[in-house]
$ cat my_file34.cif   # mmCIF, C-alpha atoms
data_protein
loop_
_atom_site.group_PDB
_atom_site.id
_atom_site.type_symbol
_atom_site.label_atom_id
_atom_site.label_comp_id
_atom_site.auth_asym_id
_atom_site.auth_seq_id
_atom_site.Cartn_x
_atom_site.Cartn_y
_atom_site.Cartn_z
ATOM 1 C CA MET A 1 45.586 39.543 47.144
ATOM 2 C CA SER A 2 46.110 43.047 48.465
ATOM 3 C CA THR A 3 49.329 44.999 49.036
ATOM 4 C CA VAL A 4 50.016 48.216 50.909
ATOM 5 C CA SER A 5 53.192 50.004 52.000
ATOM 6 C CA THR A 6 52.563 52.747 54.534
ATOM 7 C CA ASN A 7 52.715 53.671 58.183
ATOM 8 C CA THR A 8 48.924 53.756 58.198
ATOM 9 C CA PRO A 9 47.883 50.617 56.306
ATOM 10 C CA SER A 10 44.165 50.916 57.014
ATOM 11 C CA ASP A 11 43.409 50.343 53.333
ATOM 12 C CA ALA A 12 44.749 46.793 53.751
ATOM 13 C CA ALA A 13 42.189 46.007 56.429
ATOM 14 C CA ASN A 14 39.196 43.923 55.444
ATOM 15 C CA THR A 15 37.654 44.174 58.882
ATOM 16 C CA ARG A 16 37.819 46.145 62.106
ATOM 17 C CA THR A 17 37.762 45.114 65.723
ATOM 18 C CA PRO A 18 34.589 45.815 67.753
ATOM 19 C CA THR A 19 36.331 48.943 69.066
ATOM 20 C CA GLY A 20 37.154 50.189 65.571
ATOM 21 C CA TYR A 21 40.856 49.362 65.176
ATOM 22 C CA PRO A 22 42.028 48.315 61.682
ATOM 23 C CA ALA A 23 42.392 44.566 61.437
ATOM 24 C CA LEU A 24 42.889 41.751 58.964
ATOM 25 C CA ARG A 25 41.080 38.429 58.899
ATOM 26 C CA LEU A 26 42.554 35.177 57.581
ATOM 27 C CA ALA A 27 40.403 32.078 57.171
ATOM 28 C CA THR A 28 40.251 28.472 56.035
ATOM 29 C CA GLU A 29 37.495 25.933 56.572
ATOM 30 C CA GLN A 30 39.067 25.066 59.941
ATOM 31 C CA LEU A 31 40.473 28.340 61.271
ATOM 32 C CA GLN A 32 39.519 32.006 61.465
ATOM 33 C CA VAL A 33 42.304 34.322 62.625
ATOM 34 C CA GLN A 34 42.092 38.061 63.320
ATOM 35 C CA LEU A 35 45.227 40.221 63.197
ATOM 36 C CA ALA A 36 45.700 43.784 64.416
ATOM 37 C CA LEU A 37 47.367 45.837 61.679
ATOM 38 C CA PRO A 38 50.337 48.152 62.234
ATOM 39 C CA ASP A 39 49.029 51.695 62.017
ATOM 40 C CA ALA A 40 50.870 54.686 63.503
ATOM 41 C CA GLN A 41 47.712 56.762 63.959
ATOM 42 C CA ALA A 42 44.874 54.290 64.488
ATOM 43 C CA GLY A 43 46.385 50.906 65.323
ATOM 44 C CA HIS A 44 45.343 48.734 68.240
ATOM 45 C CA TYR A 45 48.962 48.752 69.463
ATOM 46 C CA ARG A 46 51.197 51.813 69.104
ATOM 47 C CA GLY A 47 53.661 51.148 71.906
ATOM 48 C CA VAL A 48 57.437 50.847 71.582
ATOM 49 C CA ARG A 49 57.942 47.422 73.141
ATOM 50 C CA PHE A 50 56.356 44.756 70.957
ATOM 51 C CA ASP A 51 56.833 43.999 67.274
ATOM 52 C CA HIS A 52 53.943 45.730 65.463
ATOM 53 C CA ALA A 53 53.562 43.068 62.738
ATOM 54 C CA GLY A 54 51.019 40.277 62.802
ATOM 55 C CA LEU A 55 49.564 40.786 66.284
ATOM 56 C CA VAL A 56 47.043 37.936 66.523
ATOM 57 C CA SER A 57 44.059 39.001 68.613
ATOM 58 C CA ARG A 58 41.549 36.171 68.065
ATOM 59 C CA VAL A 59 41.470 32.581 66.793
ATOM 60 C CA THR A 60 38.325 30.525 66.202
ATOM 61 C CA CYS A 61 38.600 26.782 65.580
ATOM 62 C CA GLY A 62 35.402 24.775 65.460
ATOM 63 C CA ALA A 63 33.447 25.414 68.649
ATOM 64 C CA HIS A 64 36.465 26.886 70.449
ATOM 65 C CA THR A 65 37.895 30.376 70.653
ATOM 66 C CA TYR A 66 41.451 31.197 71.617
ATOM 67 C CA LEU A 67 42.814 34.581 72.763
ATOM 68 C CA ALA A 68 40.729 37.518 73.963
ATOM 69 C CA PRO A 69 41.183 41.142 75.091
ATOM 70 C CA LEU A 70 43.341 41.222 78.210
ATOM 71 C CA VAL A 71 42.323 44.581 79.684
ATOM 72 C CA GLU A 72 39.015 46.421 79.945
ATOM 73 C CA GLN A 73 40.460 49.937 79.608
ATOM 74 C CA HIS A 74 42.686 49.666 76.540
ATOM 75 C CA ASP A 75 45.479 52.203 75.898
ATOM 76 C CA PRO A 76 47.105 51.717 72.455
ATOM 77 C CA THR A 77 50.366 53.324 73.627
ATOM 78 C CA HIS A 78 50.720 51.308 76.845
ATOM 79 C CA HIS A 79 53.712 48.979 76.683
ATOM 80 C CA ASP A 80 51.771 45.755 77.283
ATOM 81 C CA HIS A 81 48.238 46.506 76.043
ATOM 82 C CA VAL A 82 48.653 44.070 73.169
ATOM 83 C CA PRO A 83 46.421 41.311 71.809
ATOM 84 C CA GLY A 84 47.055 37.617 72.378
ATOM 85 C CA LEU A 85 50.106 36.636 70.308
ATOM 86 C CA ALA A 86 52.598 39.460 70.752
ATOM 87 C CA GLU A 87 56.348 39.174 70.114
ATOM 88 C CA GLU A 88 59.356 41.161 71.272
ATOM 89 C CA PHE A 89 63.031 41.492 70.428
ATOM 90 C CA GLY A 90 65.327 42.256 73.351
ATOM 91 C CA ILE A 91 63.226 42.483 76.503
ATOM 92 C CA ASN A 92 66.363 43.276 78.520
ATOM 93 C CA GLY A 93 68.140 45.543 76.047
ATOM 94 C CA ALA A 94 67.554 47.099 72.636
ATOM 95 C CA VAL A 95 70.128 47.192 69.817
ATOM 96 C CA GLY A 96 72.589 50.057 70.286
ATOM 97 C CA PHE A 97 71.030 51.281 73.535
ATOM 98 C CA ASP A 98 74.025 50.832 75.847
ATOM 99 C CA GLU A 99 76.371 52.843 73.609
ATOM 100 C CA ALA A 100 73.848 55.612 72.976
ATOM 101 C CA ARG A 101 74.282 58.829 74.953
ATOM 102 C CA PRO A 102 71.269 60.851 76.151
ATOM 103 C CA GLY A 103 69.700 62.329 73.025
ATOM 104 C CA ASP A 104 71.165 59.625 70.759
ATOM 105 C CA THR A 105 68.987 56.992 69.152
ATOM 106 C CA PHE A 106 68.823 53.191 69.324
ATOM 107 C CA VAL A 107 66.971 50.416 67.503
ATOM 108 C CA LYS A 108 64.036 48.295 68.642
ATOM 109 C CA ILE A 109 63.558 45.574 66.006
ATOM 110 C CA GLY A 110 59.995 45.365 64.726
ATOM 111 C CA VAL A 111 59.275 48.821 66.126
ATOM 112 C CA GLY A 112 61.720 51.444 64.821
ATOM 113 C CA GLU A 113 64.343 53.953 65.909
ATOM 114 C CA LEU A 114 63.877 55.449 69.372
ATOM 115 C CA VAL A 115 65.540 58.149 71.489
ATOM 116 C CA ARG A 116 67.463 57.466 74.682
ATOM 117 C CA PRO A 117 66.404 60.310 76.998
ATOM 118 C CA ASP A 118 68.889 59.959 79.875
ATOM 119 C CA ASP A 119 71.443 57.691 81.565
ATOM 120 C CA GLU A 120 68.877 55.310 83.037
ATOM 121 C CA PRO A 121 69.182 51.613 82.005
ATOM 122 C CA TYR A 122 66.913 50.257 79.286
ATOM 123 C CA SER A 123 63.390 49.376 80.445
ATOM 124 C CA PHE A 124 60.838 47.537 78.291
ATOM 125 C CA ALA A 125 58.068 49.362 80.157
ATOM 126 C CA ARG A 126 59.297 52.867 79.279
ATOM 127 C CA ASN A 127 57.568 54.865 76.553
ATOM 128 C CA TYR A 128 60.585 56.087 74.550
ATOM 129 C CA ALA A 129 60.096 58.830 71.960
ATOM 130 C CA TRP A 130 60.108 57.973 68.270
ATOM 131 C CA ALA A 131 62.945 59.104 66.027
ATOM 132 C CA GLN A 132 61.923 57.008 63.019
ATOM 133 C CA LEU A 133 58.929 54.773 62.370
ATOM 134 C CA PRO A 134 59.695 52.811 59.188
ATOM 135 C CA ALA A 135 56.789 51.891 56.946
ATOM 136 C CA TRP A 136 55.381 48.372 56.962
ATOM 137 C CA GLN A 137 54.670 46.596 53.714
ATOM 138 C CA VAL A 138 51.621 44.368 54.157
ATOM 139 C CA ILE A 139 50.689 41.695 51.598
ATOM 140 C CA ASN A 140 47.739 39.439 52.309
ATOM 141 C CA ASP A 141 45.512 36.801 50.793
ATOM 142 C CA LEU A 142 42.717 34.689 52.265
ATOM 143 C CA ASP A 143 45.035 32.418 54.258
ATOM 144 C CA VAL A 144 48.366 34.255 54.462
ATOM 145 C CA ALA A 145 49.657 37.673 55.534
ATOM 146 C CA ARG A 146 53.196 38.989 55.100
ATOM 147 C CA PHE A 147 54.630 41.994 56.945
ATOM 148 C CA ALA A 148 57.989 43.546 56.042
ATOM 149 C CA GLN A 149 59.899 46.460 57.565
ATOM 150 C CA THR A 150 63.297 47.930 56.629
ATOM 151 C CA LEU A 151 65.165 50.267 58.959
ATOM 152 C CA VAL A 152 68.371 52.183 58.232
ATOM 153 C CA GLY A 153 69.418 53.149 61.719
ATOM 154 C CA PRO A 154 72.205 54.919 63.586
ATOM 155 C CA ARG A 155 75.897 54.009 63.863
ATOM 156 C CA GLY A 156 75.810 51.044 61.479
ATOM 157 C CA TRP A 157 72.663 49.359 62.808
ATOM 158 C CA SER A 158 70.216 48.447 60.008
ATOM 159 C CA TYR A 159 67.899 45.513 59.322
ATOM 160 C CA ARG A 160 65.089 44.063 57.231
ATOM 161 C CA TYR A 161 62.501 42.063 59.135
ATOM 162 C CA VAL A 162 59.863 39.882 57.449
ATOM 163 C CA LYS A 163 57.091 38.067 59.282
ATOM 164 C CA THR A 164 54.665 35.738 57.510
ATOM 165 C CA LEU A 165 51.556 34.187 59.052
ATOM 166 C CA ARG A 166 50.122 31.221 57.166
ATOM 167 C CA LEU A 167 47.106 29.009 57.869
ATOM 168 C CA GLY A 168 47.242 25.274 57.211
ATOM 169 C CA HIS A 169 44.663 23.487 55.111
ATOM 170 C CA ASP A 170 45.274 19.872 56.152
ATOM 171 C CA GLN A 171 45.386 20.767 59.854
ATOM 172 C CA PRO A 172 44.119 23.696 61.976
ATOM 173 C CA THR A 173 47.544 25.331 62.184
ATOM 174 C CA LEU A 174 48.891 28.859 62.232
ATOM 175 C CA THR A 175 52.545 29.032 61.208
ATOM 176 C CA VAL A 176 54.532 32.183 62.023
ATOM 177 C CA GLN A 177 57.691 32.420 59.893
ATOM 178 C CA ARG A 178 60.287 35.122 60.536
ATOM 179 C CA SER A 179 63.459 36.299 58.861
ATOM 180 C CA LEU A 180 65.862 38.959 60.103
ATOM 181 C CA THR A 181 68.499 40.295 57.696
ATOM 182 C CA ASN A 182 71.367 42.414 58.977
ATOM 183 C CA LEU A 183 71.760 45.291 56.491
ATOM 184 C CA GLY A 184 74.284 47.144 58.632
ATOM 185 C CA GLN A 185 77.989 46.899 59.402
ATOM 186 C CA ARG A 186 77.728 45.522 62.963
ATOM 187 C CA GLU A 187 76.638 42.164 64.322
ATOM 188 C CA ILE A 188 73.128 42.096 65.768
ATOM 189 C CA GLU A 189 72.825 40.126 68.984
ATOM 190 C CA THR A 190 69.379 39.895 70.548
ATOM 191 C CA GLU A 191 66.764 37.426 71.736
ATOM 192 C CA HIS A 192 63.219 36.914 70.547
ATOM 193 C CA TYR A 193 60.179 35.519 72.329
ATOM 194 C CA GLY A 194 56.420 35.454 72.026
ATOM 195 C CA HIS A 195 53.923 36.457 74.683
ATOM 196 C CA ASN A 196 51.450 33.624 74.087
ATOM 197 C CA PHE A 197 48.604 35.290 75.996
ATOM 198 C CA MET A 198 46.260 32.293 75.758
ATOM 199 C CA VAL A 199 42.619 32.668 76.807
ATOM 200 C CA PHE A 200 40.447 29.591 76.277
ATOM 201 C CA ASP A 201 36.819 30.024 75.202
ATOM 202 C CA ASP A 202 36.566 33.493 76.753
ATOM 203 C CA ARG A 203 37.030 32.175 80.281
ATOM 204 C CA ARG A 204 38.268 35.120 82.366
ATOM 205 C CA ASP A 205 39.581 33.113 85.325
ATOM 206 C CA ILE A 206 42.811 31.234 86.004
ATOM 207 C CA GLY A 207 42.346 28.088 88.058
ATOM 208 C CA PRO A 208 42.301 24.274 88.262
ATOM 209 C CA GLY A 209 41.747 22.553 84.934
ATOM 210 C CA LEU A 210 44.519 24.468 83.182
ATOM 211 C CA GLU A 211 47.492 22.272 82.227
ATOM 212 C CA ILE A 212 50.685 22.468 80.184
ATOM 213 C CA ASP A 213 52.531 19.463 78.758
ATOM 214 C CA TRP A 214 56.180 20.397 78.075
ATOM 215 C CA HIS A 215 58.684 18.602 75.824
ATOM 216 C CA PHE A 216 60.830 18.060 78.919
ATOM 217 C CA GLU A 217 60.305 17.450 82.627
ATOM 218 C CA PRO A 218 59.838 20.959 84.031
ATOM 219 C CA ARG A 219 61.268 22.273 87.271
ATOM 220 C CA ILE A 220 60.067 25.524 88.865
ATOM 221 C CA LYS A 221 62.598 28.158 89.912
ATOM 222 C CA ASP A 222 62.275 31.711 91.269
ATOM 223 C CA LEU A 223 58.492 31.562 91.631
ATOM 224 C CA LYS A 224 56.869 34.934 92.232
ATOM 225 C CA GLY A 225 53.242 34.933 93.291
ATOM 226 C CA PRO A 226 50.909 32.297 94.770
ATOM 227 C CA ALA A 227 52.177 28.693 94.818
ATOM 228 C CA ILE A 228 49.402 27.275 92.645
ATOM 229 C CA VAL A 229 51.503 25.231 90.182
ATOM 230 C CA ARG A 230 52.434 21.558 90.544
ATOM 231 C CA CYS A 231 54.682 19.467 88.259
ATOM 232 C CA GLU A 232 53.808 15.832 87.526
ATOM 233 C CA GLY A 233 56.315 14.342 85.107
ATOM 234 C CA ARG A 234 56.150 16.476 81.961
ATOM 235 C CA THR A 235 52.805 18.027 82.931
ATOM 236 C CA MET A 236 52.413 21.266 84.862
ATOM 237 C CA LYS A 237 49.020 21.742 86.531
ATOM 238 C CA ILE A 238 47.351 24.835 87.949
ATOM 239 C CA THR A 239 46.054 23.773 91.371
ATOM 240 C CA GLY A 240 44.580 27.010 92.693
ATOM 241 C CA SER A 241 43.028 30.260 91.496
ATOM 242 C CA LEU A 242 44.412 33.726 90.832
ATOM 243 C CA GLU A 243 42.303 36.443 92.425
ATOM 244 C CA GLY A 244 42.076 40.079 91.318
ATOM 245 C CA ASP A 245 45.443 41.380 90.133
ATOM 246 C CA ASP A 246 47.383 38.377 91.465
ATOM 247 C CA ALA A 247 49.955 37.005 89.032
ATOM 248 C CA ILE A 248 52.547 34.264 88.878
ATOM 249 C CA TRP A 249 55.952 34.379 87.210
ATOM 250 C CA MET A 250 58.553 31.632 87.214
ATOM 251 C CA ARG A 251 61.548 30.327 85.384
ATOM 252 C CA VAL A 252 60.998 26.849 83.971
ATOM 253 C CA LEU A 253 64.082 24.623 84.013
ATOM 254 C CA GLY A 254 64.707 21.264 82.347
ATOM 255 C CA HIS A 255 64.769 22.448 78.720
ATOM 256 C CA GLU A 256 68.538 22.959 78.583
ATOM 257 C CA ASN A 257 69.350 19.862 76.488
ATOM 258 C CA ALA A 258 65.875 19.148 75.112
ATOM 259 C CA GLY A 259 66.195 20.804 71.697
ATOM 260 C CA PRO A 260 63.502 22.850 69.912
ATOM 261 C CA TYR A 261 60.582 23.742 72.133
ATOM 262 C CA ARG A 262 57.099 22.256 72.221
ATOM 263 C CA ALA A 263 54.279 22.733 74.711
ATOM 264 C CA THR A 264 50.601 21.784 74.744
ATOM 265 C CA MET A 265 48.193 23.906 76.772
ATOM 266 C CA ARG A 266 44.632 22.848 77.587
ATOM 267 C CA ARG A 267 41.606 23.860 79.601
ATOM 268 C CA ARG A 268 39.794 20.723 80.704
ATOM 269 C CA GLU A 269 36.448 22.397 81.481
ATOM 270 C CA THR A 270 35.990 23.611 77.911
ATOM 271 C CA GLY A 271 38.092 21.122 75.936
ATOM 272 C CA GLY A 272 40.187 23.867 74.338
ATOM 273 C CA GLU A 273 43.763 22.882 73.505
ATOM 274 C CA VAL A 274 46.689 24.368 71.585
ATOM 275 C CA THR A 275 50.197 23.101 70.869
ATOM 276 C CA ILE A 276 53.053 25.583 70.392
ATOM 277 C CA ALA A 277 56.135 24.248 68.589
ATOM 278 C CA GLY A 278 59.297 26.083 67.556
ATOM 279 C CA ASP A 279 62.190 25.035 65.348
ATOM 280 C CA ARG A 280 64.958 26.396 67.624
ATOM 281 C CA ALA A 281 66.098 25.559 71.130
ATOM 282 C CA PRO A 282 65.233 28.269 73.670
ATOM 283 C CA GLY A 283 67.911 29.918 75.773
ATOM 284 C CA ARG A 284 65.443 30.231 78.631
ATOM 285 C CA VAL A 285 61.792 29.444 79.362
ATOM 286 C CA VAL A 286 59.353 31.425 81.520
ATOM 287 C CA LEU A 287 55.736 30.905 82.563
ATOM 288 C CA TRP A 288 53.616 33.960 83.388
ATOM 289 C CA SER A 289 49.939 34.167 84.223
ATOM 290 C CA ARG A 290 47.393 36.735 85.326
ATOM 291 C CA SER A 291 43.664 36.531 84.730
ATOM 292 C CA PRO A 292 42.484 35.912 82.087
ATOM 293 C CA SER A 293 45.614 34.541 80.348
ATOM 294 C CA ILE A 294 48.302 31.944 80.845
ATOM 295 C CA CYS A 295 51.499 32.488 78.920
ATOM 296 C CA PRO A 296 54.511 30.225 78.278
ATOM 297 C CA GLU A 297 57.450 32.193 76.858
ATOM 298 C CA PHE A 298 60.346 30.667 74.900
ATOM 299 C CA PHE A 299 63.330 33.010 74.532
ATOM 300 C CA VAL A 300 65.366 32.279 71.386
ATOM 301 C CA PRO A 301 68.890 33.792 71.202
ATOM 302 C CA LEU A 302 69.812 35.324 67.826
ATOM 303 C CA ARG A 303 73.145 36.455 66.359
ATOM 304 C CA VAL A 304 73.133 37.941 62.860
ATOM 305 C CA ALA A 305 76.386 38.926 61.184
ATOM 306 C CA PRO A 306 76.425 41.783 58.652
ATOM 307 C CA ARG A 307 74.755 40.797 55.348
ATOM 308 C CA GLN A 308 73.488 37.564 56.873
ATOM 309 C CA THR A 309 69.896 36.357 57.424
ATOM 310 C CA VAL A 310 68.479 34.172 60.192
ATOM 311 C CA ARG A 311 65.122 32.392 59.953
ATOM 312 C CA TRP A 312 62.975 30.740 62.618
ATOM 313 C CA GLN A 313 59.334 29.785 63.019
ATOM 314 C CA THR A 314 56.585 28.800 65.424
ATOM 315 C CA VAL A 315 53.627 26.531 64.620
ATOM 316 C CA TYR A 316 50.379 26.764 66.598
ATOM 317 C CA THR A 317 48.059 23.757 66.277
ATOM 318 C CA PHE A 318 44.544 24.336 67.611
ATOM 319 C CA LYS A 319 41.983 21.776 68.688
ATOM 320 C CA ALA A 320 38.555 22.069 67.137
#
$ encode --input "my_file34.cif" --output "structure tokens"
Amino acid sequence: MSTVSTNTPSDAANTRTPTGYPALRLATEQLQVQLALPDAQAGHYRGVRFDHAGLVSRVTCGAHTYLAPLVEQHDPTHHDHVPGLAEEFGINGAVGFDEARPGDTFVKIGVGELVRPDDEPYSFARNYAWAQLPAWQVINDLDVARFAQTLVGPRGWSYRYVKTLRLGHDQPTLTVQRSLTNLGQREIETEHYGHNFMVFDDRRDIGPGLEIDWHFEPRIKDLKGPAIVRCEGRTMKITGSLEGDDAIWMRVLGHENAGPYRATMRRRETGGEVTIAGDRAPGRVVLWSRSPSICPEFFVPLRVAPRQTVRWQTVYTFKA
């Protein structure tokens, strides 16, 4: 087991990506998982949108691979140039942003303390300046990695965030466990979701053969992009192809009284399949896709009173 506590935890890496970024590899007999490490100077992702801990960039299970690089020209500081399993707190508003005046700071959980530059509303795509980048403590073994960050922020906003990724031995599973402790004097209200940027067996196209089975009967609302999705009972099928930079975005309704989320994604041509299951009911569900990935997003609302801790998890089960 290795432990490191630094903003540049390259010493914790036991591998590097093909492009040289520090990474960590977890493995069992059934699964091999590659994680991008948080690193302020050399990390694969140094943006201010997504949680820097436990960014899963590649999964191998038997003959199948899951996840892949999404862009050819990678920019580590670009807001969405992240690997496959990337998570965010507060896509529509960061903690303390609305009360901050220009020049004041606010908190992006899993990232750090940032500066509000002007009176413009919060935007997840904006590259805000750093005021404080708290160190990450990284503890890892062959089949588990734990990331922890503590931030003492402005105006009573403080937290400790712990994220643990653990591989199963009886099944080909990756479990992502999270805990958020409010160390400040004010209630934290936010929402959390994962960008499940799934790419099956390095296929770079989006088209027929891709399916999602939901834990409810889905209904499509506010579709943006080509109408290439059809619902049949609890199954959603891709019926056409996305060309070039085409993308689809839609709200998925029907989950409102269905409890904790569960969805199974598959690519029939290759046989790849993954089930995503959470232990909390989502406040809203979105489906987004652009070649080469298809991405169901489950937004979990969180309220954390001072000195309280909330815990939630997601389990990914891969088909070998």
$ resolve_selection --input "my_file34.cif" --expression "the PyMOL selection byres ((chain A and resi 252-266) around 8)" --output "mmCIF file with C-alpha atoms, keeping the file's coordinate frame"
data_model
loop_
_atom_site.group_PDB
_atom_site.id
_atom_site.type_symbol
_atom_site.label_atom_id
_atom_site.label_comp_id
_atom_site.auth_asym_id
_atom_site.auth_seq_id
_atom_site.Cartn_x
_atom_site.Cartn_y
_atom_site.Cartn_z
ATOM 1 C CA GLY A 209 41.747 22.553 84.934
ATOM 2 C CA LEU A 210 44.519 24.468 83.182
ATOM 3 C CA GLU A 211 47.492 22.272 82.227
ATOM 4 C CA ILE A 212 50.685 22.468 80.184
ATOM 5 C CA ASP A 213 52.531 19.463 78.758
ATOM 6 C CA TRP A 214 56.180 20.397 78.075
ATOM 7 C CA HIS A 215 58.684 18.602 75.824
ATOM 8 C CA PHE A 216 60.830 18.060 78.919
ATOM 9 C CA GLU A 217 60.305 17.450 82.627
ATOM 10 C CA PRO A 218 59.838 20.959 84.031
ATOM 11 C CA ARG A 219 61.268 22.273 87.271
ATOM 12 C CA ILE A 220 60.067 25.524 88.865
ATOM 13 C CA LYS A 221 62.598 28.158 89.912
ATOM 14 C CA MET A 250 58.553 31.632 87.214
ATOM 15 C CA ARG A 251 61.548 30.327 85.384
ATOM 16 C CA ARG A 267 41.606 23.860 79.601
ATOM 17 C CA ARG A 268 39.794 20.723 80.704
ATOM 18 C CA GLY A 271 38.092 21.122 75.936
ATOM 19 C CA GLY A 272 40.187 23.867 74.338
ATOM 20 C CA GLU A 273 43.763 22.882 73.505
ATOM 21 C CA VAL A 274 46.689 24.368 71.585
ATOM 22 C CA THR A 275 50.197 23.101 70.869
ATOM 23 C CA ILE A 276 53.053 25.583 70.392
ATOM 24 C CA ALA A 277 56.135 24.248 68.589
ATOM 25 C CA GLY A 278 59.297 26.083 67.556
ATOM 26 C CA ASP A 279 62.190 25.035 65.348
ATOM 27 C CA ARG A 280 64.958 26.396 67.624
ATOM 28 C CA ALA A 281 66.098 25.559 71.130
ATOM 29 C CA PRO A 282 65.233 28.269 73.670
ATOM 30 C CA GLY A 283 67.911 29.918 75.773
ATOM 31 C CA ARG A 284 65.443 30.231 78.631
ATOM 32 C CA VAL A 285 61.792 29.444 79.362
ATOM 33 C CA VAL A 286 59.353 31.425 81.520
ATOM 34 C CA LEU A 287 55.736 30.905 82.563
ATOM 35 C CA PHE A 298 60.346 30.667 74.900
#
$ closest_atom_pairs --input "my_file34.cif" --of "range 48-100 of chain A" --to "range 173-179 of chain A" --cutoff "12 Å" --atoms "all atoms listed in the file" --output "JSON lines"
{"residue": "A:Asp51", "atom": "CA", "partner": "A:Arg178", "partner_atom": "CA", "distance": 11.7}
{"residue": "A:Ala53", "atom": "CA", "partner": "A:Arg178", "partner_atom": "CA", "distance": 10.6}
{"residue": "A:Gly54", "atom": "CA", "partner": "A:Val176", "partner_atom": "CA", "distance": 8.9}
{"residue": "A:Leu55", "atom": "CA", "partner": "A:Val176", "partner_atom": "CA", "distance": 10.8}
{"residue": "A:Val56", "atom": "CA", "partner": "A:Leu174", "partner_atom": "CA", "distance": 10.2}
{"residue": "A:Arg58", "atom": "CA", "partner": "A:Leu174", "partner_atom": "CA", "distance": 11.9}
{"residue": "A:Val59", "atom": "CA", "partner": "A:Leu174", "partner_atom": "CA", "distance": 9.5}
{"residue": "A:Thr60", "atom": "CA", "partner": "A:Thr173", "partner_atom": "CA", "distance": 11.3}
{"residue": "A:Cys61", "atom": "CA", "partner": "A:Thr173", "partner_atom": "CA", "distance": 9.7}
{"residue": "A:Leu85", "atom": "CA", "partner": "A:Val176", "partner_atom": "CA", "distance": 10.4}
{"residue": "A:Ala86", "atom": "CA", "partner": "A:Val176", "partner_atom": "CA", "distance": 11.5}
{"residue": "A:Glu87", "atom": "CA", "partner": "A:Val176", "partner_atom": "CA", "distance": 10.8}
$ residues_near_point --input "my_file34.cif" --point "(43.6, 33.3, 78.1)" --cutoff "9 Å" --atoms "only C-alpha atoms" --output "PyMOL selection string"
chain A and resi 66-70+84+196-206+289-295
$ resolve_selection --input "my_file34.cif" --expression "the PyMOL selection byres ((chain A and resi 43) around 9)" --output "JSON, numbers by chain"
{"A": [8, 10, 21, 22, 23, 36, 37, 38, 39, 40, 41, 42, 44, 45, 46, 76]}
$ residues_around --input "my_file34.cif" --residues "Pro208 in chain A" --least-positions-apart "2" --cutoff "7 Å" --atoms "all atoms listed in the file" --output "list in words"
Leu210, Ile238, Thr239, Gly240 and Ser241 of chain A
$ build_atoms --input "my_file34.cif" --residues "range 204-213 of chain A" --atoms "N, CA, C and O atoms" --output "PDB file, keeping the file's coordinate frame"
ATOM      1  N   ARG A 204      37.496  33.997  81.830  1.00  0.00           N
ATOM      2  CA  ARG A 204      38.268  35.120  82.366  1.00  0.00           C
ATOM      3  C   ARG A 204      38.993  34.769  83.662  1.00  0.00           C
ATOM      4  O   ARG A 204      39.603  35.642  84.282  1.00  0.00           O
ATOM      5  N   ASP A 205      38.951  33.507  84.071  1.00  0.00           N
ATOM      6  CA  ASP A 205      39.581  33.113  85.325  1.00  0.00           C
ATOM      7  C   ASP A 205      40.779  32.205  85.054  1.00  0.00           C
ATOM      8  O   ASP A 205      40.876  31.565  84.019  1.00  0.00           O
ATOM      9  N   ILE A 206      41.690  32.168  86.015  1.00  0.00           N
ATOM     10  CA  ILE A 206      42.811  31.234  86.004  1.00  0.00           C
ATOM     11  C   ILE A 206      42.638  30.324  87.206  1.00  0.00           C
ATOM     12  O   ILE A 206      42.542  30.793  88.352  1.00  0.00           O
ATOM     13  N   GLY A 207      42.575  29.001  86.952  1.00  0.00           N
ATOM     14  CA  GLY A 207      42.346  28.088  88.058  1.00  0.00           C
ATOM     15  C   GLY A 207      42.532  26.649  87.658  1.00  0.00           C
ATOM     16  O   GLY A 207      43.028  26.340  86.566  1.00  0.00           O
ATOM     17  N   PRO A 208      42.156  25.704  88.542  1.00  0.00           N
ATOM     18  CA  PRO A 208      42.301  24.274  88.262  1.00  0.00           C
ATOM     19  C   PRO A 208      41.613  23.890  86.954  1.00  0.00           C
ATOM     20  O   PRO A 208      40.574  24.430  86.593  1.00  0.00           O
ATOM     21  N   GLY A 209      42.224  22.951  86.258  1.00  0.00           N
ATOM     22  CA  GLY A 209      41.747  22.553  84.934  1.00  0.00           C
ATOM     23  C   GLY A 209      42.650  23.028  83.833  1.00  0.00           C
ATOM     24  O   GLY A 209      42.601  22.517  82.714  1.00  0.00           O
ATOM     25  N   LEU A 210      43.504  24.016  84.132  1.00  0.00           N
ATOM     26  CA  LEU A 210      44.519  24.468  83.182  1.00  0.00           C
ATOM     27  C   LEU A 210      45.773  23.621  83.337  1.00  0.00           C
ATOM     28  O   LEU A 210      46.256  23.408  84.455  1.00  0.00           O
ATOM     29  N   GLU A 211      46.317  23.130  82.212  1.00  0.00           N
ATOM     30  CA  GLU A 211      47.492  22.272  82.227  1.00  0.00           C
ATOM     31  C   GLU A 211      48.419  22.628  81.071  1.00  0.00           C
ATOM     32  O   GLU A 211      47.976  23.117  80.027  1.00  0.00           O
ATOM     33  N   ILE A 212      49.701  22.330  81.258  1.00  0.00           N
ATOM     34  CA  ILE A 212      50.685  22.468  80.184  1.00  0.00           C
ATOM     35  C   ILE A 212      51.532  21.211  80.152  1.00  0.00           C
ATOM     36  O   ILE A 212      52.116  20.812  81.167  1.00  0.00           O
ATOM     37  N   ASP A 213      51.603  20.563  78.990  1.00  0.00           N
ATOM     38  CA  ASP A 213      52.531  19.463  78.758  1.00  0.00           C
ATOM     39  C   ASP A 213      53.758  20.025  78.045  1.00  0.00           C
ATOM     40  O   ASP A 213      53.640  20.579  76.947  1.00  0.00           O
TER      41      ASP A 213
END
